file model-v4.cif (mmCIF, C-alpha atoms and all ligand atoms)
data_protein
#
loop_
_atom_site.group_PDB
_atom_site.id
_atom_site.type_symbol
_atom_site.label_atom_id
_atom_site.label_comp_id
_atom_site.auth_asym_id
_atom_site.auth_seq_id
_atom_site.Cartn_x
_atom_site.Cartn_y
_atom_site.Cartn_z
ATOM 1 C CA MET Z 1 25.191 13.198 9.105
ATOM 2 C CA LYS Z 2 24.174 9.610 8.367
ATOM 3 C CA LEU Z 3 20.995 8.619 10.171
ATOM 4 C CA ILE Z 4 18.802 5.535 10.333
ATOM 5 C CA PHE Z 5 15.148 5.799 11.375
ATOM 6 C CA LEU Z 6 14.081 2.623 13.153
ATOM 7 C CA GLY Z 7 10.641 1.687 14.423
ATOM 8 C CA PRO Z 8 7.513 -0.313 13.642
ATOM 9 C CA PRO Z 9 5.445 0.424 10.539
ATOM 10 C CA GLY Z 10 3.357 3.497 11.276
ATOM 11 C CA ALA Z 11 5.860 4.841 13.803
ATOM 12 C CA GLY Z 12 6.077 8.069 11.804
ATOM 13 C CA LYS Z 13 9.528 7.515 10.299
ATOM 14 C CA GLY Z 14 8.544 8.722 6.817
ATOM 15 C CA THR Z 15 6.583 11.717 8.092
ATOM 16 C CA LEU Z 16 9.412 12.804 10.365
ATOM 17 C CA ALA Z 17 12.052 12.210 7.700
ATOM 18 C CA ASP Z 18 10.131 14.528 5.343
ATOM 19 C CA LEU Z 19 10.230 17.245 8.023
ATOM 20 C CA ALA Z 20 13.816 16.584 9.111
ATOM 21 C CA VAL Z 21 15.287 16.810 5.605
ATOM 22 C CA GLN Z 22 13.772 20.278 5.137
ATOM 23 C CA GLU Z 23 16.040 21.640 7.866
ATOM 24 C CA ARG Z 24 19.036 19.407 7.238
ATOM 25 C CA LYS Z 25 19.192 19.190 3.432
ATOM 26 C CA LEU Z 26 19.893 15.473 3.387
ATOM 27 C CA PRO Z 27 18.265 12.992 1.006
ATOM 28 C CA HIS Z 28 15.410 11.010 2.558
ATOM 29 C CA ILE Z 29 15.922 7.464 1.342
ATOM 30 C CA SER Z 30 12.976 5.177 1.974
ATOM 31 C CA THR Z 31 13.320 1.585 0.787
ATOM 32 C CA GLY Z 32 9.514 1.295 0.811
ATOM 33 C CA ASP Z 33 9.282 4.298 -1.561
ATOM 34 C CA LEU Z 34 12.019 2.838 -3.794
ATOM 35 C CA PHE Z 35 10.217 -0.510 -3.992
ATOM 36 C CA ARG Z 36 6.838 1.148 -4.634
ATOM 37 C CA ALA Z 37 8.393 3.242 -7.438
ATOM 38 C CA ALA Z 38 9.826 0.062 -8.993
ATOM 39 C CA VAL Z 39 6.388 -1.588 -8.856
ATOM 40 C CA LYS Z 40 4.733 1.477 -10.402
ATOM 41 C CA ASP Z 41 7.327 1.633 -13.195
ATOM 42 C CA GLY Z 42 7.007 -2.100 -13.848
ATOM 43 C CA THR Z 43 10.778 -2.681 -13.663
ATOM 44 C CA GLU Z 44 12.303 -6.147 -13.254
ATOM 45 C CA LEU Z 45 12.739 -5.444 -9.532
ATOM 46 C CA GLY Z 46 9.169 -4.152 -9.344
ATOM 47 C CA LEU Z 47 7.771 -7.360 -10.820
ATOM 48 C CA LYS Z 48 9.764 -9.431 -8.317
ATOM 49 C CA VAL Z 49 8.610 -7.498 -5.239
ATOM 50 C CA LYS Z 50 5.004 -6.555 -6.078
ATOM 51 C CA GLY Z 51 3.373 -9.528 -4.344
ATOM 52 C CA ILE Z 52 5.720 -9.364 -1.366
ATOM 53 C CA LEU Z 53 4.873 -5.716 -0.731
ATOM 54 C CA ALA Z 54 1.122 -6.252 -0.996
ATOM 55 C CA SER Z 55 1.209 -9.125 1.514
ATOM 56 C CA GLY Z 56 3.307 -7.186 4.013
ATOM 57 C CA GLY Z 57 6.267 -9.592 3.807
ATOM 58 C CA LEU Z 58 9.910 -8.567 3.631
ATOM 59 C CA VAL Z 59 11.841 -8.374 0.371
ATOM 60 C CA PRO Z 60 14.855 -10.771 0.437
ATOM 61 C CA ASP Z 61 17.987 -9.265 1.971
ATOM 62 C CA ASP Z 62 20.178 -9.592 -1.147
ATOM 63 C CA LEU Z 63 17.779 -7.543 -3.305
ATOM 64 C CA THR Z 64 17.268 -4.927 -0.610
ATOM 65 C CA ILE Z 65 20.951 -4.554 0.214
ATOM 66 C CA ALA Z 66 21.871 -4.188 -3.484
ATOM 67 C CA LEU Z 67 19.215 -1.497 -3.935
ATOM 68 C CA VAL Z 68 20.429 0.542 -0.953
ATOM 69 C CA ARG Z 69 24.057 0.134 -1.877
ATOM 70 C CA GLU Z 70 23.360 1.558 -5.324
ATOM 71 C CA ARG Z 71 21.236 4.424 -3.969
ATOM 72 C CA LEU Z 72 23.873 5.420 -1.398
ATOM 73 C CA ALA Z 73 26.516 5.564 -4.138
ATOM 74 C CA ALA Z 74 24.645 8.433 -5.863
ATOM 75 C CA PRO Z 75 26.309 11.881 -5.631
ATOM 76 C CA ASP Z 76 23.539 13.415 -3.470
ATOM 77 C CA ALA Z 77 24.205 10.809 -0.764
ATOM 78 C CA LYS Z 78 27.904 11.635 -0.272
ATOM 79 C CA ALA Z 79 27.519 14.085 2.608
ATOM 80 C CA GLY Z 80 24.837 12.196 4.506
ATOM 81 C CA TRP Z 81 21.342 10.727 4.431
ATOM 82 C CA ILE Z 82 18.317 9.655 6.384
ATOM 83 C CA LEU Z 83 17.540 5.991 5.807
ATOM 84 C CA ASP Z 84 13.915 5.144 6.496
ATOM 85 C CA GLY Z 85 12.888 1.480 6.467
ATOM 86 C CA PHE Z 86 16.395 0.079 6.164
ATOM 87 C CA PRO Z 87 17.938 -1.913 7.738
ATOM 88 C CA ARG Z 88 15.079 -4.188 8.793
ATOM 89 C CA THR Z 89 17.078 -7.348 9.561
ATOM 90 C CA ILE Z 90 20.424 -8.114 11.241
ATOM 91 C CA PRO Z 91 22.059 -9.199 7.930
ATOM 92 C CA GLN Z 92 20.982 -5.868 6.388
ATOM 93 C CA ALA Z 93 22.466 -3.973 9.355
ATOM 94 C CA GLU Z 94 25.715 -5.935 9.093
ATOM 95 C CA ALA Z 95 25.968 -5.191 5.372
ATOM 96 C CA LEU Z 96 25.305 -1.481 5.864
ATOM 97 C CA GLU Z 97 27.854 -1.285 8.681
ATOM 98 C CA ALA Z 98 30.440 -2.637 6.226
ATOM 99 C CA PHE Z 99 29.725 -0.307 3.274
ATOM 100 C CA ALA Z 100 28.219 2.858 4.804
ATOM 101 C CA PRO Z 101 28.024 2.935 8.614
ATOM 102 C CA ALA Z 102 25.438 5.297 10.112
ATOM 103 C CA ASP Z 103 26.419 7.864 12.743
ATOM 104 C CA LYS Z 104 23.217 7.495 14.759
ATOM 105 C CA VAL Z 105 20.088 5.354 14.802
ATOM 106 C CA VAL Z 106 16.873 7.008 15.894
ATOM 107 C CA ASN Z 107 14.454 4.538 17.430
ATOM 108 C CA PHE Z 108 10.787 5.642 17.425
ATOM 109 C CA GLU Z 109 8.814 4.265 20.352
ATOM 110 C CA VAL Z 110 5.111 3.842 19.588
ATOM 111 C CA ASP Z 111 2.504 1.447 21.032
ATOM 112 C CA ASP Z 112 0.914 -1.176 18.782
ATOM 113 C CA ALA Z 113 -2.532 0.353 19.277
ATOM 114 C CA VAL Z 114 -1.293 3.706 17.958
ATOM 115 C CA VAL Z 115 0.423 2.001 15.024
ATOM 116 C CA VAL Z 116 -2.694 0.094 13.945
ATOM 117 C CA ALA Z 117 -4.860 3.220 14.235
ATOM 118 C CA ARG Z 118 -2.388 5.253 12.186
ATOM 119 C CA LEU Z 119 -1.907 2.663 9.443
ATOM 120 C CA SER Z 120 -5.583 2.063 8.870
ATOM 121 C CA THR Z 121 -6.147 5.819 8.342
ATOM 122 C CA ARG Z 122 -2.908 6.475 6.395
ATOM 123 C CA ARG Z 123 -3.067 7.681 2.797
ATOM 124 C CA VAL Z 124 -0.155 8.271 0.420
ATOM 125 C CA CYS Z 125 0.329 10.236 -2.793
ATOM 126 C CA ARG Z 126 0.851 7.815 -5.647
ATOM 127 C CA ALA Z 127 2.985 10.357 -7.531
ATOM 128 C CA CYS Z 128 5.318 11.934 -4.936
ATOM 129 C CA GLY Z 129 4.930 9.695 -1.857
ATOM 130 C CA LYS Z 130 3.735 12.447 0.504
ATOM 131 C CA ILE Z 131 2.040 10.918 3.548
ATOM 132 C CA TYR Z 132 -1.410 11.918 4.833
ATOM 133 C CA ASN Z 133 -3.818 10.700 7.492
ATOM 134 C CA THR Z 134 -7.582 10.945 7.090
ATOM 135 C CA ARG Z 135 -7.998 11.705 10.789
ATOM 136 C CA THR Z 136 -5.055 13.933 11.656
ATOM 137 C CA MET Z 137 -3.478 15.237 8.425
ATOM 138 C CA PRO Z 138 -5.975 15.037 5.532
ATOM 139 C CA PRO Z 139 -5.122 16.597 2.163
ATOM 140 C CA LYS Z 140 -6.861 19.955 1.607
ATOM 141 C CA LYS Z 141 -8.848 18.511 -1.314
ATOM 142 C CA GLU Z 142 -10.021 14.941 -0.750
ATOM 143 C CA GLY Z 143 -8.104 12.412 -2.843
ATOM 144 C CA ALA Z 144 -5.585 14.940 -4.231
ATOM 145 C CA CYS Z 145 -2.056 15.669 -3.044
ATOM 146 C CA ASP Z 146 -1.442 19.199 -1.654
ATOM 147 C CA ALA Z 147 2.119 19.142 -2.976
ATOM 148 C CA CYS Z 148 1.727 17.813 -6.528
ATOM 149 C CA GLY Z 149 -1.975 17.160 -7.197
ATOM 150 C CA GLY Z 150 -1.318 13.393 -7.553
ATOM 151 C CA GLU Z 151 -3.808 10.730 -6.498
ATOM 152 C CA VAL Z 152 -3.924 10.134 -2.734
ATOM 153 C CA TYR Z 153 -4.670 6.451 -2.092
ATOM 154 C CA THR Z 154 -4.590 3.650 0.501
ATOM 155 C CA ARG Z 155 -1.506 1.448 0.134
ATOM 156 C CA ASP Z 156 -2.266 -2.236 -0.562
ATOM 157 C CA ASP Z 157 -0.360 -3.157 2.584
ATOM 158 C CA ASP Z 158 -2.301 -0.752 4.810
ATOM 159 C CA LYS Z 159 -5.160 -3.290 4.901
ATOM 160 C CA GLU Z 160 -5.770 -5.235 8.104
ATOM 161 C CA ALA Z 161 -4.218 -8.603 7.207
ATOM 162 C CA SER Z 162 -1.028 -7.013 5.877
ATOM 163 C CA ILE Z 163 -0.767 -4.673 8.860
ATOM 164 C CA ARG Z 164 -0.751 -7.731 11.155
ATOM 165 C CA THR Z 165 1.978 -9.440 9.082
ATOM 166 C CA ARG Z 166 4.104 -6.282 9.074
ATOM 167 C CA LEU Z 167 3.861 -5.902 12.842
ATOM 168 C CA GLU Z 168 4.835 -9.560 13.347
ATOM 169 C CA ASN Z 169 7.783 -9.164 10.993
ATOM 170 C CA TYR Z 170 8.822 -6.039 12.830
ATOM 171 C CA ARG Z 171 8.813 -7.812 16.182
ATOM 172 C CA LYS Z 172 10.675 -10.887 14.934
ATOM 173 C CA GLN Z 173 13.125 -9.454 12.436
ATOM 174 C CA THR Z 174 13.573 -5.730 13.062
ATOM 175 C CA ALA Z 175 13.139 -5.127 16.808
ATOM 176 C CA PRO Z 176 16.398 -7.055 17.565
ATOM 177 C CA LEU Z 177 18.225 -4.192 15.824
ATOM 178 C CA ILE Z 178 17.474 -1.949 18.807
ATOM 179 C CA ALA Z 179 19.837 -3.890 21.083
ATOM 180 C CA TRP Z 180 22.283 -4.388 18.206
ATOM 181 C CA TYR Z 181 22.705 -0.645 17.666
ATOM 182 C CA GLU Z 182 22.613 0.091 21.379
ATOM 183 C CA ALA Z 183 25.631 -2.192 21.805
ATOM 184 C CA LYS Z 184 27.404 -0.099 19.163
ATOM 185 C CA GLY Z 185 26.615 3.105 21.085
ATOM 186 C CA LYS Z 186 24.587 4.501 18.164
ATOM 187 C CA LEU Z 187 21.040 4.318 19.506
ATOM 188 C CA LEU Z 188 18.880 7.341 20.350
ATOM 189 C CA THR Z 189 15.317 6.573 21.425
ATOM 190 C CA ILE Z 190 12.501 9.093 21.072
ATOM 191 C CA ASP Z 191 8.808 9.037 21.914
ATOM 192 C CA GLY Z 192 6.982 8.837 18.553
ATOM 193 C CA VAL Z 193 3.494 9.604 19.873
ATOM 194 C CA GLY Z 194 2.074 13.060 19.189
ATOM 195 C CA GLU Z 195 1.935 15.673 16.452
ATOM 196 C CA PRO Z 196 4.732 15.430 13.853
ATOM 197 C CA LYS Z 197 6.037 18.893 14.889
ATOM 198 C CA LEU Z 198 6.315 17.750 18.503
ATOM 199 C CA VAL Z 199 8.157 14.582 17.487
ATOM 200 C CA LEU Z 200 10.486 16.769 15.378
ATOM 201 C CA THR Z 201 11.306 18.837 18.484
ATOM 202 C CA ARG Z 202 12.154 15.643 20.405
ATOM 203 C CA PHE Z 203 14.273 14.447 17.488
ATOM 204 C CA ASP Z 204 16.223 17.742 17.323
ATOM 205 C CA ALA Z 205 16.757 17.642 21.089
ATOM 206 C CA ALA Z 206 17.973 14.020 21.026
ATOM 207 C CA LEU Z 207 20.424 14.737 18.205
ATOM 208 C CA GLY Z 208 21.548 17.977 19.820
ATOM 209 C CA SER Z 209 22.417 16.310 23.094
ATOM 210 C CA ALA Z 210 24.015 13.361 21.287
ATOM 211 C CA SER Z 211 26.449 15.714 19.550
ATOM 212 C CA GLY Z 212 27.129 17.676 22.755
ATOM 213 C CA ARG Z 213 25.146 20.760 21.732
ATOM 214 C CA ALA Z 214 22.266 20.186 24.192
HETATM 215 P P1 LIG K 301 6.190 0.626 6.629
HETATM 216 O O1 LIG K 301 7.370 1.102 7.406
HETATM 217 O O2 LIG K 301 5.026 1.531 6.730
HETATM 218 O O3 LIG K 301 5.822 -0.802 6.881
HETATM 219 P P2 LIG K 301 7.682 0.883 4.116
HETATM 220 O O4 LIG K 301 7.153 1.872 3.148
HETATM 221 O O5 LIG K 301 8.927 1.206 4.854
HETATM 222 O O6 LIG K 301 6.482 0.586 5.097
HETATM 223 O O7 LIG K 301 7.901 -0.542 3.404
HETATM 224 C C1 LIG K 301 6.896 -1.143 2.641
HETATM 225 C C2 LIG K 301 7.289 -2.551 2.257
HETATM 226 O O8 LIG K 301 8.493 -2.544 1.460
HETATM 227 C C3 LIG K 301 7.618 -3.504 3.417
HETATM 228 O O9 LIG K 301 6.456 -4.060 3.995
HETATM 229 C C4 LIG K 301 8.485 -4.544 2.687
HETATM 230 O O10 LIG K 301 7.715 -5.423 1.912
HETATM 231 C C5 LIG K 301 9.301 -3.689 1.749
HETATM 232 N N1 LIG K 301 10.553 -3.222 2.397
HETATM 233 C C6 LIG K 301 10.882 -1.937 2.684
HETATM 234 N N2 LIG K 301 12.090 -1.876 3.273
HETATM 235 C C7 LIG K 301 12.541 -3.147 3.367
HETATM 236 C C8 LIG K 301 13.715 -3.751 3.902
HETATM 237 N N3 LIG K 301 14.671 -3.009 4.469
HETATM 238 N N4 LIG K 301 13.834 -5.107 3.831
HETATM 239 C C9 LIG K 301 12.887 -5.849 3.275
HETATM 240 N N5 LIG K 301 11.739 -5.362 2.769
HETATM 241 C C10 LIG K 301 11.556 -4.021 2.807
#
call {"tool": "encode", "arguments": {"input": "model-v4.cif", "output": "structure tokens", "more": "lines below"}}
Ligand code: ADP
result
Amino acid sequence: MKLIFLGPPGAGKGTLADLAVQERKLPHISTGDLFRAAVKDGTELGLKVKGILASGGLVPDDLTIALVRERLAAPDAKAGWILDGFPRTIPQAEALEAFAPADKVVNFEVDDAVVVARLSTRRVCRACGKIYNTRTMPPKKEGACDACGGEVYTRDDDKEASIRTRLENYRKQTAPLIAWYEAKGKLLTIDGVGEPKLVLTRFDAALGSASGRA
């Protein structure tokens, strides 16, 4: 199954993808995680995108499309995947449709107020990318990842000014994808507000009914 997770920053796409891949054994491919890894490793790509990520802007389409195309060509992505954070623009969606069309697109509906509250309390493991929230899902030991012991930190772009830029970009560049995928008959919309486990139940139900297993 080839799935895209669509929704504003802070909609819970990464958290839900982590849960969903445990039951479905698909790779969770997050362009944000791939870019952050490139920055951390100091690769050529990382140097190009570091400032863009910190400001909350979007990486140019050609770089992003090339990265995803390469990642989806890896052997573990043959049978299916969950794409989280891609596509974010119409040209990205058009490119993906041409080289690896998704079966379904899951659109997470979440109010702006919820998004801002979640992003300002989000923390991430610098080593493995596991997502935490100081209010609702703190790590057991402050500052350390439950899964790998890595440093749990606040992303540079989870600061107020960048959050605003990311929400504006989402509205202008990414939200038009909702109608785009709806017109292709691929869109499933789920309520993204609530505990991750509850959102997972909604996700399973939406996919179940979409494939006629309701
Ligand atoms: P979030 O969904 O919380 O905003 P991500 O981890 O998905 O964050 O992405 C972090 C950053 O990586 C984005 O703000 C952007 O700079 C860059 N990025 C990720 N995916 C894309 C994409 N598809 N196109 C352009 N830039 C991207």
call {"tool": "residues_near_ligand", "arguments": {"input": "model-v4.cif", "ligand": "ligand LIG 301 (chain K)", "cutoff": "8 Å", "atoms": "all atoms listed in the file", "output": "JSON, numbers by chain"}}
result
{"Z": [7, 8, 9, 10, 11, 13, 14, 30, 31, 32, 33, 35, 36, 49, 52, 53, 54, 55, 56, 57, 58, 59, 60, 61, 64, 65, 84, 85, 86, 87, 88, 89, 92, 119, 157, 158, 163, 166]}
call {"tool": "atom_distance", "arguments": {"input": "model-v4.cif", "atom1": "CA of Ala38 in chain Z", "atom2": "CA of Leu67 in chain Z"}}
result
10.8 Å
call {"tool": "atom_distance", "arguments": {"input": "model-v4.cif", "atom1": "CA of Lys197 in chain Z", "atom2": "CA of Gly80 in chain Z"}}
result
22.5 Å
call {"tool": "atom_distance", "arguments": {"input": "model-v4.cif", "atom1": "CA of Trp81 in chain Z", "atom2": "CA of Pro27 in chain Z"}}
result
5.1 Å
call {"tool": "closest_residue", "arguments": {"input": "model-v4.cif", "among": "Z:Ser120, Z:Leu16, Z:Gly208, Z:Gly46", "to": "Ala161 in chain Z", "atoms": "only C-alpha atoms"}}
result
Z:Ser120
call {"tool": "closest_residue", "arguments": {"input": "model-v4.cif", "among": "Z:Val21, Z:Ala147, Z:Leu83, Z:Ile4", "to": "Leu200 in chain Z", "atoms": "all atoms listed in the file"}}
result
Z:Val21
call {"tool": "closest_residue", "arguments": {"input": "model-v4.cif", "among": "Z:Lys184, Z:Lys130, Z:Lys104, Z:Arg123", "to": "Ala210 in chain Z", "atoms": "only C-alpha atoms"}}
result
Z:Lys104
call {"tool": "build_atoms", "arguments": {"input": "model-v4.cif", "residues": "range 183-207 of chain Z", "atoms": "N, CA, C and O atoms", "output": "PDB file, in the coordinates of the input"}}
result
ATOM      1  N   ALA Z 183      24.315  -1.640  21.469  1.00  0.00           N
ATOM      2  CA  ALA Z 183      25.631  -2.192  21.805  1.00  0.00           C
ATOM      3  C   ALA Z 183      26.744  -1.460  21.052  1.00  0.00           C
ATOM      4  O   ALA Z 183      27.886  -1.429  21.500  1.00  0.00           O
ATOM      5  N   LYS Z 184      26.408  -0.859  19.923  1.00  0.00           N
ATOM      6  CA  LYS Z 184      27.404  -0.099  19.163  1.00  0.00           C
ATOM      7  C   LYS Z 184      27.458   1.365  19.607  1.00  0.00           C
ATOM      8  O   LYS Z 184      28.198   2.168  19.044  1.00  0.00           O
ATOM      9  N   GLY Z 185      26.621   1.726  20.578  1.00  0.00           N
ATOM     10  CA  GLY Z 185      26.615   3.105  21.085  1.00  0.00           C
ATOM     11  C   GLY Z 185      25.985   4.095  20.110  1.00  0.00           C
ATOM     12  O   GLY Z 185      26.235   5.295  20.188  1.00  0.00           O
ATOM     13  N   LYS Z 186      25.152   3.605  19.180  1.00  0.00           N
ATOM     14  CA  LYS Z 186      24.587   4.501  18.164  1.00  0.00           C
ATOM     15  C   LYS Z 186      23.121   4.843  18.405  1.00  0.00           C
ATOM     16  O   LYS Z 186      22.549   5.633  17.663  1.00  0.00           O
ATOM     17  N   LEU Z 187      22.501   4.223  19.400  1.00  0.00           N
ATOM     18  CA  LEU Z 187      21.040   4.318  19.506  1.00  0.00           C
ATOM     19  C   LEU Z 187      20.567   5.565  20.260  1.00  0.00           C
ATOM     20  O   LEU Z 187      21.084   5.893  21.331  1.00  0.00           O
ATOM     21  N   LEU Z 188      19.588   6.258  19.670  1.00  0.00           N
ATOM     22  CA  LEU Z 188      18.880   7.341  20.350  1.00  0.00           C
ATOM     23  C   LEU Z 188      17.411   6.952  20.306  1.00  0.00           C
ATOM     24  O   LEU Z 188      16.904   6.636  19.226  1.00  0.00           O
ATOM     25  N   THR Z 189      16.731   6.949  21.442  1.00  0.00           N
ATOM     26  CA  THR Z 189      15.317   6.573  21.425  1.00  0.00           C
ATOM     27  C   THR Z 189      14.456   7.800  21.673  1.00  0.00           C
ATOM     28  O   THR Z 189      14.745   8.587  22.576  1.00  0.00           O
ATOM     29  N   ILE Z 190      13.423   7.981  20.827  1.00  0.00           N
ATOM     30  CA  ILE Z 190      12.501   9.093  21.072  1.00  0.00           C
ATOM     31  C   ILE Z 190      11.054   8.596  21.091  1.00  0.00           C
ATOM     32  O   ILE Z 190      10.722   7.605  20.460  1.00  0.00           O
ATOM     33  N   ASP Z 191      10.235   9.334  21.836  1.00  0.00           N
ATOM     34  CA  ASP Z 191       8.808   9.037  21.914  1.00  0.00           C
ATOM     35  C   ASP Z 191       8.174   9.477  20.589  1.00  0.00           C
ATOM     36  O   ASP Z 191       8.260  10.650  20.223  1.00  0.00           O
ATOM     37  N   GLY Z 192       7.546   8.529  19.871  1.00  0.00           N
ATOM     38  CA  GLY Z 192       6.982   8.837  18.553  1.00  0.00           C
ATOM     39  C   GLY Z 192       5.506   9.181  18.583  1.00  0.00           C
ATOM     40  O   GLY Z 192       4.891   9.318  17.532  1.00  0.00           O
ATOM     41  N   VAL Z 193       4.931   9.310  19.784  1.00  0.00           N
ATOM     42  CA  VAL Z 193       3.494   9.604  19.873  1.00  0.00           C
ATOM     43  C   VAL Z 193       3.282  11.104  19.971  1.00  0.00           C
ATOM     44  O   VAL Z 193       3.937  11.776  20.771  1.00  0.00           O
ATOM     45  N   GLY Z 194       2.381  11.615  19.152  1.00  0.00           N
ATOM     46  CA  GLY Z 194       2.074  13.060  19.189  1.00  0.00           C
ATOM     47  C   GLY Z 194       2.156  13.650  17.796  1.00  0.00           C
ATOM     48  O   GLY Z 194       2.461  12.966  16.827  1.00  0.00           O
ATOM     49  N   GLU Z 195       1.884  14.933  17.724  1.00  0.00           N
ATOM     50  CA  GLU Z 195       1.935  15.673  16.452  1.00  0.00           C
ATOM     51  C   GLU Z 195       3.323  15.572  15.830  1.00  0.00           C
ATOM     52  O   GLU Z 195       4.323  15.639  16.557  1.00  0.00           O
ATOM     53  N   PRO Z 196       3.413  15.483  14.493  1.00  0.00           N
ATOM     54  CA  PRO Z 196       4.732  15.430  13.853  1.00  0.00           C
ATOM     55  C   PRO Z 196       5.687  16.548  14.311  1.00  0.00           C
ATOM     56  O   PRO Z 196       6.869  16.307  14.539  1.00  0.00           O
ATOM     57  N   LYS Z 197       5.173  17.766  14.479  1.00  0.00           N
ATOM     58  CA  LYS Z 197       6.037  18.893  14.889  1.00  0.00           C
ATOM     59  C   LYS Z 197       6.635  18.654  16.271  1.00  0.00           C
ATOM     60  O   LYS Z 197       7.778  19.026  16.544  1.00  0.00           O
ATOM     61  N   LEU Z 198       5.838  18.036  17.153  1.00  0.00           N
ATOM     62  CA  LEU Z 198       6.315  17.750  18.503  1.00  0.00           C
ATOM     63  C   LEU Z 198       7.398  16.668  18.452  1.00  0.00           C
ATOM     64  O   LEU Z 198       8.435  16.761  19.125  1.00  0.00           O
ATOM     65  N   VAL Z 199       7.166  15.654  17.622  1.00  0.00           N
ATOM     66  CA  VAL Z 199       8.157  14.582  17.487  1.00  0.00           C
ATOM     67  C   VAL Z 199       9.452  15.159  16.884  1.00  0.00           C
ATOM     68  O   VAL Z 199      10.558  14.796  17.293  1.00  0.00           O
ATOM     69  N   LEU Z 200       9.305  16.124  15.974  1.00  0.00           N
ATOM     70  CA  LEU Z 200      10.486  16.769  15.378  1.00  0.00           C
ATOM     71  C   LEU Z 200      11.298  17.496  16.457  1.00  0.00           C
ATOM     72  O   LEU Z 200      12.534  17.437  16.455  1.00  0.00           O
ATOM     73  N   THR Z 201      10.610  18.142  17.392  1.00  0.00           N
ATOM     74  CA  THR Z 201      11.306  18.837  18.484  1.00  0.00           C
ATOM     75  C   THR Z 201      12.089  17.836  19.331  1.00  0.00           C
ATOM     76  O   THR Z 201      13.244  18.075  19.701  1.00  0.00           O
ATOM     77  N   ARG Z 202      11.458  16.678  19.608  1.00  0.00           N
ATOM     78  CA  ARG Z 202      12.154  15.643  20.405  1.00  0.00           C
ATOM     79  C   ARG Z 202      13.373  15.126  19.643  1.00  0.00           C
ATOM     80  O   ARG Z 202      14.431  14.872  20.221  1.00  0.00           O
ATOM     81  N   PHE Z 203      13.186  14.941  18.341  1.00  0.00           N
ATOM     82  CA  PHE Z 203      14.273  14.447  17.488  1.00  0.00           C
ATOM     83  C   PHE Z 203      15.454  15.434  17.503  1.00  0.00           C
ATOM     84  O   PHE Z 203      16.604  15.053  17.717  1.00  0.00           O
ATOM     85  N   ASP Z 204      15.163  16.727  17.315  1.00  0.00           N
ATOM     86  CA  ASP Z 204      16.223  17.742  17.323  1.00  0.00           C
ATOM     87  C   ASP Z 204      16.932  17.745  18.666  1.00  0.00           C
ATOM     88  O   ASP Z 204      18.158  17.844  18.725  1.00  0.00           O
ATOM     89  N   ALA Z 205      16.156  17.618  19.749  1.00  0.00           N
ATOM     90  CA  ALA Z 205      16.757  17.642  21.089  1.00  0.00           C
ATOM     91  C   ALA Z 205      17.654  16.419  21.283  1.00  0.00           C
ATOM     92  O   ALA Z 205      18.770  16.528  21.803  1.00  0.00           O
ATOM     93  N   ALA Z 206      17.178  15.250  20.850  1.00  0.00           N
ATOM     94  CA  ALA Z 206      17.973  14.020  21.026  1.00  0.00           C
ATOM     95  C   ALA Z 206      19.278  14.106  20.233  1.00  0.00           C
ATOM     96  O   ALA Z 206      20.346  13.752  20.742  1.00  0.00           O
ATOM     97  N   LEU Z 207      19.200  14.624  19.022  1.00  0.00           N
ATOM     98  CA  LEU Z 207      20.424  14.737  18.205  1.00  0.00           C
ATOM     99  C   LEU Z 207      21.350  15.805  18.761  1.00  0.00           C
ATOM    100  O   LEU Z 207      22.569  15.637  18.775  1.00  0.00           O
TER     101      LEU Z 207
END
